[in-house]
Structure formats: C-alpha cells, structure tokens
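> Got final-v7.tsv for you, TSV, C-alpha atoms and all ligand atoms:
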```tsv
chain	number	residue	atom	x	y	z
C	1154	MET	CA	93.91	44.17	2.44
C	1155	SER	CA	93.79	45.30	6.06
C	1156	THR	CA	92.41	42.63	8.37
C	1157	SER	CA	90.99	45.16	10.83
C	1158	LEU	CA	87.22	44.86	11.12
C	1159	THR	CA	86.62	48.26	12.68
C	1160	SER	CA	85.78	51.40	10.69
C	1161	THR	CA	86.47	54.90	11.94
C	1162	PRO	CA	83.27	56.58	13.21
C	1163	GLU	CA	83.29	58.91	10.19
C	1164	ARG	CA	83.58	56.04	7.74
C	1165	ALA	CA	80.88	54.04	9.50
C	1166	ALA	CA	78.50	57.02	9.47
C	1167	SER	CA	79.01	57.54	5.74
C	1168	LEU	CA	78.48	53.87	4.86
C	1169	ILE	CA	75.34	53.66	6.95
C	1170	GLU	CA	73.88	56.86	5.54
C	1171	ARG	CA	74.47	55.67	1.99
C	1172	ILE	CA	73.03	52.20	2.38
C	1173	ASN	CA	70.00	53.60	4.19
C	1174	SER	CA	69.43	55.98	1.32
C	1175	VAL	CA	69.43	53.08	-1.17
C	1176	LYS	CA	67.03	51.17	1.07
C	1177	SER	CA	64.63	54.08	1.37
C	1178	ASN	CA	64.64	54.49	-2.41
C	1179	ILE	CA	63.75	50.81	-2.76
C	1180	GLN	CA	60.92	51.34	-0.30
C	1181	GLU	CA	59.63	54.44	-2.08
C	1182	LEU	CA	59.44	52.36	-5.24
C	1183	GLY	CA	57.26	49.87	-3.35
C	1184	ALA	CA	59.77	47.12	-4.08
C	1185	ALA	CA	61.13	46.25	-0.64
C	1186	SER	CA	59.65	42.76	-0.58
C	1187	ARG	CA	61.02	41.73	-3.97
C	1188	THR	CA	64.37	43.48	-4.16
C	1189	ARG	CA	67.60	42.02	-2.82
C	1190	LEU	CA	70.31	44.64	-2.33
C	1191	VAL	CA	73.76	43.25	-3.06
C	1192	ALA	CA	76.41	45.61	-1.69
C	1193	VAL	CA	79.32	45.39	-4.14
C	1194	SER	CA	82.44	45.62	-2.02
C	1195	LYS	CA	85.26	44.96	-4.49
C	1196	PHE	CA	88.52	46.77	-3.56
C	1197	LYS	CA	86.93	47.91	-0.31
C	1198	GLN	CA	88.15	47.08	3.18
C	1199	ALA	CA	86.81	44.17	5.20
C	1200	SER	CA	85.99	46.73	7.91
C	1201	ASP	CA	83.48	48.38	5.54
C	1202	ILE	CA	81.73	45.06	5.08
C	1203	GLN	CA	81.71	44.31	8.80
C	1204	THR	CA	80.20	47.74	9.49
C	1205	LEU	CA	77.31	47.10	7.09
C	1206	TYR	CA	76.96	43.54	8.35
C	1207	ASP	CA	76.47	44.96	11.85
C	1208	GLN	CA	73.58	47.01	10.40
C	1209	GLY	CA	71.95	43.82	9.12
C	1210	GLN	CA	73.28	43.72	5.54
C	1211	ARG	CA	73.99	40.12	4.47
C	1212	HIS	CA	74.42	40.08	0.66
C	1213	PHE	CA	77.79	41.27	-0.65
C	1214	GLY	CA	79.25	41.08	-4.15
C	1215	GLU	CA	82.89	40.54	-5.14
C	1216	ASN	CA	84.65	40.36	-8.51
C	1217	TYR	CA	88.00	38.73	-7.79
C	1218	MET	CA	88.62	35.21	-6.53
C	1219	GLN	CA	91.55	35.89	-4.25
C	1220	GLU	CA	89.93	38.93	-2.69
C	1221	LEU	CA	86.69	37.03	-2.15
C	1222	THR	CA	88.50	34.07	-0.58
C	1223	GLU	CA	90.39	36.34	1.84
C	1224	LYS	CA	87.28	38.25	2.83
C	1225	ALA	CA	85.17	35.11	3.18
C	1226	ASN	CA	87.77	33.65	5.56
C	1227	LEU	CA	87.92	36.79	7.66
C	1228	LEU	CA	84.27	37.84	7.85
C	1229	PRO	CA	81.12	36.27	9.40
C	1230	LYS	CA	80.12	32.93	7.97
C	1231	ASP	CA	76.49	33.88	7.43
C	1232	ILE	CA	77.35	36.49	4.82
C	1233	CYS	CA	75.76	35.58	1.48
C	1234	TRP	CA	78.54	36.13	-1.05
C	1235	HIS	CA	77.79	36.84	-4.70
C	1236	PHE	CA	80.53	36.35	-7.26
C	1237	ILE	CA	79.91	38.94	-9.99
C	1238	GLY	CA	83.29	39.07	-11.74
C	1239	GLY	CA	84.51	37.53	-14.96
C	1240	LEU	CA	84.60	33.79	-14.33
C	1241	GLN	CA	87.40	31.54	-15.55
C	1242	SER	CA	86.73	27.81	-15.61
C	1243	ASN	CA	89.90	27.08	-13.64
C	1244	LYS	CA	88.50	29.18	-10.76
C	1245	CYS	CA	85.19	27.34	-10.43
C	1246	LYS	CA	86.66	24.89	-7.96
C	1247	ASP	CA	87.93	27.64	-5.65
C	1248	LEU	CA	84.57	29.33	-5.81
C	1249	ALA	CA	82.70	26.15	-4.89
C	1250	ALA	CA	85.07	25.69	-1.94
C	1251	ILE	CA	83.76	28.86	-0.27
C	1252	GLU	CA	81.16	27.46	2.12
C	1253	ASN	CA	78.96	30.57	2.10
C	1254	ILE	CA	79.09	31.43	-1.59
C	1255	TRP	CA	75.41	32.17	-2.22
C	1256	ALA	CA	75.31	33.09	-5.88
C	1257	VAL	CA	77.50	33.08	-8.96
C	1258	GLU	CA	76.07	35.69	-11.33
C	1259	THR	CA	78.39	35.34	-14.29
C	1260	ILE	CA	77.82	31.85	-15.66
C	1261	ASP	CA	78.21	31.90	-19.43
C	1262	SER	CA	79.09	28.34	-20.48
C	1263	GLU	CA	78.15	24.71	-19.87
C	1264	LYS	CA	81.77	23.97	-19.05
C	1265	LYS	CA	81.86	26.48	-16.18
C	1266	ALA	CA	78.43	25.43	-14.91
C	1267	LYS	CA	79.53	21.78	-14.84
C	1268	LYS	CA	82.81	22.54	-13.08
C	1269	LEU	CA	81.03	24.54	-10.44
C	1270	ASP	CA	78.38	21.84	-10.07
C	1271	VAL	CA	80.83	18.97	-9.67
C	1272	ALA	CA	82.95	20.88	-7.19
C	1273	ARG	CA	79.89	21.74	-5.10
C	1274	ALA	CA	78.68	18.18	-4.51
C	1275	GLY	CA	77.74	17.52	-0.90
C	1276	LYS	CA	77.40	21.20	0.04
C	1277	SER	CA	74.52	23.71	-0.08
C	1278	LYS	CA	73.38	24.51	-3.60
C	1279	ILE	CA	74.69	27.64	-5.31
C	1280	ASN	CA	72.25	30.03	-6.99
C	1281	VAL	CA	73.42	30.82	-10.48
C	1282	PHE	CA	72.53	33.61	-12.86
C	1283	ILE	CA	73.30	33.31	-16.55
C	1284	GLN	CA	75.12	36.39	-17.78
C	1285	VAL	CA	73.52	37.74	-20.93
C	1286	ASN	CA	75.07	40.25	-23.32
C	1287	THR	CA	72.03	42.39	-24.02
C	1288	SER	CA	73.87	45.33	-25.59
C	1289	GLY	CA	75.81	43.25	-28.13
C	1290	GLU	CA	79.02	45.14	-27.27
C	1291	ASP	CA	82.15	43.11	-28.07
C	1292	GLN	CA	83.83	43.87	-24.77
C	1293	LYS	CA	80.88	42.62	-22.72
C	1294	SER	CA	80.73	39.02	-21.58
C	1295	GLY	CA	77.62	36.94	-21.73
C	1296	LEU	CA	75.47	34.90	-24.07
C	1297	ASN	CA	73.07	36.21	-26.64
C	1298	PRO	CA	69.57	36.61	-25.20
C	1299	GLY	CA	67.99	33.95	-27.44
C	1300	ALA	CA	68.76	30.28	-28.07
C	1301	GLU	CA	72.16	30.32	-26.35
C	1302	THR	CA	70.66	31.45	-23.07
C	1303	VAL	CA	67.82	28.94	-23.28
C	1304	LYS	CA	70.28	26.10	-23.98
C	1305	LEU	CA	72.46	26.93	-20.98
C	1306	ALA	CA	69.41	27.33	-18.75
C	1307	LYS	CA	68.24	23.83	-19.75
C	1308	PHE	CA	71.69	22.42	-19.09
C	1309	ILE	CA	71.77	23.91	-15.59
C	1310	GLU	CA	68.25	22.69	-14.81
C	1311	LEU	CA	68.81	19.17	-16.09
C	1312	GLU	CA	72.49	18.44	-15.57
C	1313	CYS	CA	73.59	20.43	-12.53
C	1314	PRO	CA	71.97	19.08	-9.36
C	1315	ASN	CA	74.16	21.21	-7.10
C	1316	LEU	CA	73.16	24.49	-8.74
C	1317	THR	CA	69.85	26.36	-8.69
C	1318	LEU	CA	69.00	28.38	-11.77
C	1319	ALA	CA	68.09	31.68	-10.10
C	1320	GLY	CA	67.75	33.91	-13.12
C	1321	LEU	CA	69.48	36.13	-15.66
C	1322	MET	CA	71.98	38.93	-15.22
C	1323	THR	CA	73.17	41.72	-17.47
C	1324	ILE	CA	75.43	44.74	-17.16
C	1325	GLY	CA	74.17	46.72	-20.16
C	1326	SER	CA	75.69	49.61	-22.04
C	1327	LEU	CA	76.54	52.99	-20.53
C	1328	LYS	CA	74.51	54.65	-23.23
C	1329	ASN	CA	71.36	52.74	-22.38
C	1330	SER	CA	71.98	53.36	-18.68
C	1331	ALA	CA	72.28	57.11	-19.22
C	1332	SER	CA	69.14	57.38	-21.32
C	1333	ASN	CA	66.09	58.83	-19.61
C	1334	GLU	CA	63.77	56.36	-21.24
C	1335	GLU	CA	63.07	52.72	-20.56
C	1336	ASN	CA	66.46	50.94	-20.45
C	1337	GLN	CA	66.68	48.77	-23.58
C	1338	ASP	CA	69.15	46.31	-21.99
C	1339	PHE	CA	66.83	45.71	-19.07
C	1340	LYS	CA	63.96	45.26	-21.50
C	1341	LYS	CA	65.92	42.68	-23.50
C	1342	LEU	CA	66.81	40.78	-20.36
C	1343	THR	CA	63.17	40.72	-19.31
C	1344	GLU	CA	62.24	39.28	-22.70
C	1345	ALA	CA	64.99	36.67	-22.41
C	1346	LYS	CA	63.68	35.73	-18.98
C	1347	SER	CA	60.17	35.21	-20.37
C	1348	LEU	CA	61.59	33.07	-23.16
C	1349	VAL	CA	63.55	30.87	-20.74
C	1350	GLU	CA	60.54	30.55	-18.45
C	1351	SER	CA	58.26	29.44	-21.25
C	1352	GLU	CA	60.81	27.09	-22.85
C	1353	LEU	CA	61.59	25.42	-19.52
C	1354	GLY	CA	58.15	25.59	-17.96
C	1355	LEU	CA	59.45	27.69	-15.08
C	1356	SER	CA	58.05	30.81	-13.49
C	1357	GLU	CA	59.56	33.50	-11.35
C	1358	LEU	CA	63.13	33.54	-12.52
C	1359	GLU	CA	65.00	36.54	-11.20
C	1360	LEU	CA	66.46	39.57	-12.95
C	1361	SER	CA	69.84	40.79	-11.72
C	1362	ILE	CA	69.96	44.31	-13.11
C	1363	GLY	CA	70.81	47.74	-11.77
C	1364	MET	CA	73.99	49.29	-10.42
C	1365	SER	CA	74.75	52.60	-8.64
C	1366	SER	CA	73.73	54.81	-11.54
C	1367	ASP	CA	70.61	52.97	-12.70
C	1368	TYR	CA	69.24	50.80	-9.90
C	1369	LYS	CA	66.04	52.82	-9.55
C	1370	GLU	CA	65.19	52.36	-13.22
C	1371	ALA	CA	66.14	48.67	-12.90
C	1372	ILE	CA	63.67	48.27	-10.04
C	1373	ARG	CA	60.96	49.98	-12.09
C	1374	GLN	CA	61.70	47.44	-14.82
C	1375	GLY	CA	61.38	44.47	-12.47
C	1376	SER	CA	64.80	43.88	-10.96
C	1377	THR	CA	64.87	41.50	-8.02
C	1378	ASN	CA	68.63	41.74	-7.40
C	1379	ILE	CA	70.40	45.09	-7.59
C	1380	ARG	CA	74.20	45.32	-7.37
C	1381	VAL	CA	75.24	48.63	-5.87
C	1382	GLY	CA	78.90	49.45	-5.24
C	1383	SER	CA	80.31	52.94	-5.63
C	1384	TYR	CA	77.21	54.74	-4.39
C	1385	ILE	CA	77.56	53.00	-1.02
C	1386	PHE	CA	81.33	52.63	-0.71
C	1387	GLY	CA	82.61	55.59	-2.73
C	1388	ALA	CA	84.68	55.63	-5.93
C	1389	ARG	CA	87.08	52.79	-6.55
C	1401	LIG	C1	81.45	46.60	-9.96
C	1401	LIG	C2	80.18	46.01	-10.37
C	1401	LIG	C3	78.94	46.50	-9.90
C	1401	LIG	C4	78.81	47.74	-9.04
C	1401	LIG	O1	78.94	48.87	-9.84
C	1401	LIG	P1	78.72	50.35	-9.23
C	1401	LIG	O2	78.57	51.19	-10.43
C	1401	LIG	O3	79.96	50.64	-8.45
C	1401	LIG	O4	77.52	50.31	-8.40
C	1401	LIG	C5	77.79	45.84	-10.30
C	1401	LIG	N1	77.82	44.77	-11.11
C	1401	LIG	C6	78.99	44.28	-11.58
C	1401	LIG	C7	78.97	43.09	-12.47
C	1401	LIG	C8	80.20	44.88	-11.24
C	1401	LIG	O5	81.35	44.39	-11.74
```
Would you kindly transcribe this structure into structure tokens?

Amino acid sequence: MSTSLTSTPERAASLIERINSVKSNIQELGAASRTRLVAVSKFKQASDIQTLYDQGQRHFGENYMQELTEKANLLPKDICWHFIGGLQSNKCKDLAAIENIWAVETIDSEKKAKKLDVARAGKSKINVFIQVNTSGEDQKSGLNPGAETVKLAKFIELECPNLTLAGLMTIGSLKNSASNEENQDFKKLTEAKSLVESELGLSELELSIGMSSDYKEAIRQGSTNIRVGSYIFGAR
C-alpha cells in the first residue's frame, strides 16, 4: 500500500463525483437523516480515503485486518472504521486494539463477541452487527435469522459490556439483489430485526443492508447503514 495521502486531481474529481451521486440518491429517497453511508475502501489506496475524508466522509469499511491496521495507523484518528470482512476469533484482539474501530459488522458467534468484548475493556464501546445468512447459501457466513440470531443478540446485550448491539447485517444473494421486486434477503433481515427487538424488549435496531448494486432498494426497505465500495472507488 502506498503511504501517500494525495490523489491526482483526476482521481480526486472522480471519487468526489461518485460519492456525491450516492449522497444525492440518498437524499432523493428522503433518507438522509437515517442513512449512514459506509465507503468500502478495501484494496484501495489510503490517498482515496484521505480525499473523501477531506470532503467530510467519516465512515469507511475494510475487510482485512492487516490492511485495516495499516490504514488506521496512517489516516486521521477520527475516522469511524467498520470491519466488514470475515472475522476469525484470533483476530478479535487486533481489532479491539484499533482505537477508532467504530463497528464490527460480522459477528457470528458468542466466542468472537466475548473475545472482542474482553479485549475492548477500558476503551470506547464498539458497535456490533450480527451477520445473518438470509439467503441460506452455503458459502455465505452468518447465523440463521431465527433462534440463533436471538440467542447471540441476548448474549451481546447481557454479557458484553464493552459492545453495543447496533443491529443486524446481511449480504444476500446475487439473485435476490438482481430481482426487480422487493429484495427477499432484506425482507428476511427486517423480520429477524423485529424478532430480536420483541424478544429483547429493544427498539430501533439498525439494518446494515445495501451495496453498490442494490443500495437504493435497501434504503427503500429500511436500511440505516449502506456499504458502498466499487461504485465510489471503481472495480477491485
Ligand atoms: C466488499 C463489500 C461491500 C462493498 O461491495 P460493493 O459491491 O463494492 O459496493 C459491502 N459489504 C461487504 C460485506 C463487502 O465485503
């Protein structure tokens, strides 16, 4: 990774145009006050992130521990980092060591939640999203949307004082994303959210749904946290 924090003027213009287009779409959907835009910067240069930071963007998403650690060291300390990659329990400690980690969106076991919680003692709380496998595809990570998700949500609420249960996250199938109708994965996640809220007596959990190709539909279906990468930064 280059440690330069300066983009060429052409690159900067492209990044700014793209992120502004996402923002105006959010506004047109009347969702500006409830939608957090996470710019997913995996494999992209630190200079890209700095350029968007200079435009006021604060939430960035990364998938790989080492890359996140390097970028977090190099870039401004008030960036709100989201870890959105596959999480291994032996990496929870490294994740908790990043001062400005803001959210971990891929929690899928009590073991990982506890490791993250213990390692975070004495620092600001981390927002966590439970990753749910709404499509039932074997290759997708995440818990089933029923009892498993409720159980982990209870565990986080009751046993993890250094974590905040922020909500649920899903990736969903390509097929459901490409369909022109209501996205069935987003619908299932919304139902799982209602179930968790009623079982735990909570309200207002978040939905982390929507990527480059389907974030508008995700917003229509109630997303509060969209994760947009390639549309802003270009193909990876
Ligand atoms: C890479 C990634 C994204 C961004 O996907 P794009 O299609 O590039 O917008 C969003 N969420 C997760 C979990 C990812 O791994």
> Within 9 Å of C:Ser1157, counting only C-alpha atoms, which residues show up once you throw out same-chain ones fewer than 4 positions away? Write them as a compact mmCIF listing (two decimals) with C-alpha atoms, in the coordinates of the input, please.

```
# COMPACT_ATOMS: atom_id res chain seq x y z
CA GLN C 1198 88.15 47.08 3.18
CA ALA C 1199 86.81 44.17 5.20
CA SER C 1200 85.99 46.73 7.91
```
> Kindly list the centre and edge lengths in Å, rounded to one decimal, for the axis-aligned box that covers all listed atoms of ligand LIG 1401 (chain C) plus 3 Å on each of its six sides, as AutoDock Vina command-line options.

```
--center_x 79.5 --center_y 47.1 --center_z -10.4 --size_x 9.9 --size_y 14.1 --size_z 10.1
```
> Quick one: distance from atom CA of C:Leu1342 to atom CA of C:Cys1245 in Å, one decimal?
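Interatomic distance, atom CA of C:Leu1342 to atom CA of C:Cys1245: 24.8 Å.
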> Between atom CA of C:Phe1236 and atom C3 of ligand LIG 1401 (chain C), measure the distance and give it in Å to one decimal.
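Value for the atom CA of C:Phe1236-atom C3 of ligand LIG 1401 (chain C) distance: 10.6 Å.
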> Would you kindly return, as number ranges by chain, each protein, DNA or RNA residue with an atom no farther than 8 Å from any atom of C:Gly1320, considering only C-alpha atoms and excluding same-chain residues fewer than 3 positions away?
C: 1281-1283, 1346, 1358-1361
> Go ahead and find all residues with at least one atom no further than 10 Å from (86.0, 42.7, -16.2) in the file's coordinates, using only C-alpha atoms; report them as a ChimeraX atom specification.
/C:1216-1217,1237-1240,1292-1294
> I need stretch 1161-1198 of chain C written out with N, CA, C and O atoms, as an mmCIF file, in the first residue's frame; please produce it.

```cif
data_model
loop_
_atom_site.group_PDB
_atom_site.id
_atom_site.type_symbol
_atom_site.label_atom_id
_atom_site.label_comp_id
_atom_site.auth_asym_id
_atom_site.auth_seq_id
_atom_site.Cartn_x
_atom_site.Cartn_y
_atom_site.Cartn_z
ATOM 1 N N THR C 1161 -4.240 12.195 -7.345
ATOM 2 C CA THR C 1161 -4.121 13.081 -8.509
ATOM 3 C C THR C 1161 -5.435 13.863 -8.630
ATOM 4 O O THR C 1161 -6.489 13.398 -8.156
ATOM 5 N N PRO C 1162 -5.410 15.022 -9.275
ATOM 6 C CA PRO C 1162 -6.656 15.800 -9.433
ATOM 7 C C PRO C 1162 -7.742 15.002 -10.146
ATOM 8 O O PRO C 1162 -8.917 15.098 -9.786
ATOM 9 N N GLU C 1163 -7.363 14.195 -11.119
ATOM 10 C CA GLU C 1163 -8.353 13.402 -11.863
ATOM 11 C C GLU C 1163 -9.015 12.386 -10.940
ATOM 12 O O GLU C 1163 -10.232 12.200 -10.958
ATOM 13 N N ARG C 1164 -8.181 11.713 -10.152
ATOM 14 C CA ARG C 1164 -8.711 10.699 -9.230
ATOM 15 C C ARG C 1164 -9.634 11.353 -8.196
ATOM 16 O O ARG C 1164 -10.719 10.858 -7.904
ATOM 17 N N ALA C 1165 -9.183 12.467 -7.654
ATOM 18 C CA ALA C 1165 -9.990 13.153 -6.642
ATOM 19 C C ALA C 1165 -11.346 13.556 -7.232
ATOM 20 O O ALA C 1165 -12.396 13.341 -6.611
ATOM 21 N N ALA C 1166 -11.332 14.083 -8.451
ATOM 22 C CA ALA C 1166 -12.587 14.535 -9.071
ATOM 23 C C ALA C 1166 -13.548 13.368 -9.241
ATOM 24 O O ALA C 1166 -14.750 13.487 -8.988
ATOM 25 N N SER C 1167 -13.018 12.217 -9.655
ATOM 26 C CA SER C 1167 -13.869 11.045 -9.857
ATOM 27 C C SER C 1167 -14.464 10.550 -8.538
ATOM 28 O O SER C 1167 -15.665 10.274 -8.441
ATOM 29 N N LEU C 1168 -13.637 10.467 -7.508
ATOM 30 C CA LEU C 1168 -14.130 9.992 -6.203
ATOM 31 C C LEU C 1168 -15.228 10.915 -5.670
ATOM 32 O O LEU C 1168 -16.262 10.454 -5.171
ATOM 33 N N ILE C 1169 -14.992 12.206 -5.817
ATOM 34 C CA ILE C 1169 -15.937 13.173 -5.255
ATOM 35 C C ILE C 1169 -17.261 13.139 -6.026
ATOM 36 O O ILE C 1169 -18.352 13.166 -5.443
ATOM 37 N N GLU C 1170 -17.154 13.021 -7.339
ATOM 38 C CA GLU C 1170 -18.372 12.953 -8.144
ATOM 39 C C GLU C 1170 -19.198 11.723 -7.763
ATOM 40 O O GLU C 1170 -20.417 11.785 -7.595
ATOM 41 N N ARG C 1171 -18.512 10.599 -7.596
ATOM 42 C CA ARG C 1171 -19.224 9.362 -7.279
ATOM 43 C C ARG C 1171 -19.887 9.411 -5.903
ATOM 44 O O ARG C 1171 -21.043 9.016 -5.746
ATOM 45 N N ILE C 1172 -19.155 9.880 -4.911
ATOM 46 C CA ILE C 1172 -19.759 9.866 -3.569
ATOM 47 C C ILE C 1172 -20.909 10.876 -3.509
ATOM 48 O O ILE C 1172 -21.935 10.619 -2.864
ATOM 49 N N ASN C 1173 -20.761 11.980 -4.222
ATOM 50 C CA ASN C 1173 -21.858 12.954 -4.227
ATOM 51 C C ASN C 1173 -23.095 12.386 -4.906
ATOM 52 O O ASN C 1173 -24.223 12.690 -4.506
ATOM 53 N N SER C 1174 -22.871 11.536 -5.908
ATOM 54 C CA SER C 1174 -24.020 10.944 -6.572
ATOM 55 C C SER C 1174 -24.748 9.965 -5.634
ATOM 56 O O SER C 1174 -25.988 9.936 -5.595
ATOM 57 N N VAL C 1175 -23.992 9.205 -4.849
ATOM 58 C CA VAL C 1175 -24.644 8.326 -3.857
ATOM 59 C C VAL C 1175 -25.421 9.179 -2.856
ATOM 60 O O VAL C 1175 -26.588 8.899 -2.542
ATOM 61 N N LYS C 1176 -24.792 10.252 -2.396
ATOM 62 C CA LYS C 1176 -25.457 11.099 -1.397
ATOM 63 C C LYS C 1176 -26.725 11.731 -1.955
ATOM 64 O O LYS C 1176 -27.733 11.845 -1.251
ATOM 65 N N SER C 1177 -26.688 12.142 -3.228
ATOM 66 C CA SER C 1177 -27.922 12.763 -3.731
ATOM 67 C C SER C 1177 -29.011 11.722 -3.928
ATOM 68 O O SER C 1177 -30.193 12.018 -3.742
ATOM 69 N N ASN C 1178 -28.630 10.493 -4.257
ATOM 70 C CA ASN C 1178 -29.645 9.434 -4.316
ATOM 71 C C ASN C 1178 -30.272 9.181 -2.942
ATOM 72 O O ASN C 1178 -31.483 8.960 -2.830
ATOM 73 N N ILE C 1179 -29.454 9.203 -1.916
ATOM 74 C CA ILE C 1179 -29.986 9.011 -0.554
ATOM 75 C C ILE C 1179 -30.981 10.131 -0.241
ATOM 76 O O ILE C 1179 -32.067 9.890 0.296
ATOM 77 N N GLN C 1180 -30.604 11.337 -0.636
ATOM 78 C CA GLN C 1180 -31.484 12.477 -0.376
ATOM 79 C C GLN C 1180 -32.795 12.383 -1.136
ATOM 80 O O GLN C 1180 -33.854 12.640 -0.584
ATOM 81 N N GLU C 1181 -32.683 11.973 -2.410
ATOM 82 C CA GLU C 1181 -33.909 11.843 -3.220
ATOM 83 C C GLU C 1181 -34.870 10.824 -2.621
ATOM 84 O O GLU C 1181 -36.076 10.927 -2.803
ATOM 85 N N LEU C 1182 -34.293 9.830 -1.936
ATOM 86 C CA LEU C 1182 -35.142 8.820 -1.299
ATOM 87 C C LEU C 1182 -35.673 9.307 0.051
ATOM 88 O O LEU C 1182 -36.371 8.576 0.758
ATOM 89 N N GLY C 1183 -35.325 10.521 0.411
ATOM 90 C CA GLY C 1183 -35.817 11.104 1.666
ATOM 91 C C GLY C 1183 -35.231 10.440 2.898
ATOM 92 O O GLY C 1183 -35.835 10.430 3.970
ATOM 93 N N ALA C 1184 -34.028 9.856 2.743
ATOM 94 C CA ALA C 1184 -33.477 9.026 3.815
ATOM 95 C C ALA C 1184 -32.189 9.589 4.414
ATOM 96 O O ALA C 1184 -31.485 8.900 5.150
ATOM 97 N N ALA C 1185 -31.904 10.856 4.119
ATOM 98 C CA ALA C 1185 -30.613 11.408 4.541
ATOM 99 C C ALA C 1185 -30.421 11.353 6.055
ATOM 100 O O ALA C 1185 -29.321 11.095 6.538
ATOM 101 N N SER C 1186 -31.506 11.554 6.809
ATOM 102 C CA SER C 1186 -31.318 11.630 8.260
ATOM 103 C C SER C 1186 -31.157 10.242 8.904
ATOM 104 O O SER C 1186 -30.650 10.137 10.007
ATOM 105 N N ARG C 1187 -31.558 9.195 8.194
ATOM 106 C CA ARG C 1187 -31.441 7.876 8.830
ATOM 107 C C ARG C 1187 -30.419 6.960 8.174
ATOM 108 O O ARG C 1187 -30.250 5.813 8.600
ATOM 109 N N THR C 1188 -29.761 7.410 7.141
ATOM 110 C CA THR C 1188 -28.855 6.514 6.422
ATOM 111 C C THR C 1188 -27.396 6.906 6.617
ATOM 112 O O THR C 1188 -26.997 8.026 6.305
ATOM 113 N N ARG C 1189 -26.627 5.963 7.123
ATOM 114 C CA ARG C 1189 -25.180 6.151 7.245
ATOM 115 C C ARG C 1189 -24.532 5.533 6.006
ATOM 116 O O ARG C 1189 -24.776 4.382 5.683
ATOM 117 N N LEU C 1190 -23.712 6.312 5.327
ATOM 118 C CA LEU C 1190 -23.001 5.797 4.160
ATOM 119 C C LEU C 1190 -21.604 5.341 4.587
ATOM 120 O O LEU C 1190 -20.785 6.151 5.028
ATOM 121 N N VAL C 1191 -21.385 4.034 4.483
ATOM 122 C CA VAL C 1191 -20.052 3.493 4.767
ATOM 123 C C VAL C 1191 -19.354 3.311 3.424
ATOM 124 O O VAL C 1191 -19.826 2.558 2.564
ATOM 125 N N ALA C 1192 -18.257 4.030 3.226
ATOM 126 C CA ALA C 1192 -17.495 3.909 1.981
ATOM 127 C C ALA C 1192 -16.529 2.733 2.136
ATOM 128 O O ALA C 1192 -15.645 2.753 2.987
ATOM 129 N N VAL C 1193 -16.755 1.688 1.329
ATOM 130 C CA VAL C 1193 -15.976 0.448 1.483
ATOM 131 C C VAL C 1193 -14.700 0.548 0.648
ATOM 132 O O VAL C 1193 -14.733 0.505 -0.584
ATOM 133 N N SER C 1194 -13.580 0.676 1.360
ATOM 134 C CA SER C 1194 -12.318 1.057 0.722
ATOM 135 C C SER C 1194 -11.311 -0.077 0.600
ATOM 136 O O SER C 1194 -10.127 0.164 0.349
ATOM 137 N N LYS C 1195 -11.758 -1.316 0.745
ATOM 138 C CA LYS C 1195 -10.815 -2.441 0.673
ATOM 139 C C LYS C 1195 -10.055 -2.443 -0.655
ATOM 140 O O LYS C 1195 -10.643 -2.178 -1.705
ATOM 141 N N PHE C 1196 -8.762 -2.722 -0.578
ATOM 142 C CA PHE C 1196 -7.834 -2.751 -1.724
ATOM 143 C C PHE C 1196 -7.585 -1.375 -2.334
ATOM 144 O O PHE C 1196 -6.897 -1.261 -3.339
ATOM 145 N N LYS C 1197 -8.168 -0.337 -1.773
ATOM 146 C CA LYS C 1197 -7.979 0.992 -2.357
ATOM 147 C C LYS C 1197 -6.949 1.782 -1.556
ATOM 148 O O LYS C 1197 -6.746 1.549 -0.369
ATOM 149 N N GLN C 1198 -6.315 2.731 -2.232
ATOM 150 C CA GLN C 1198 -5.223 3.489 -1.627
ATOM 151 C C GLN C 1198 -5.696 4.360 -0.460
ATOM 152 O O GLN C 1198 -6.807 4.888 -0.472
#
```
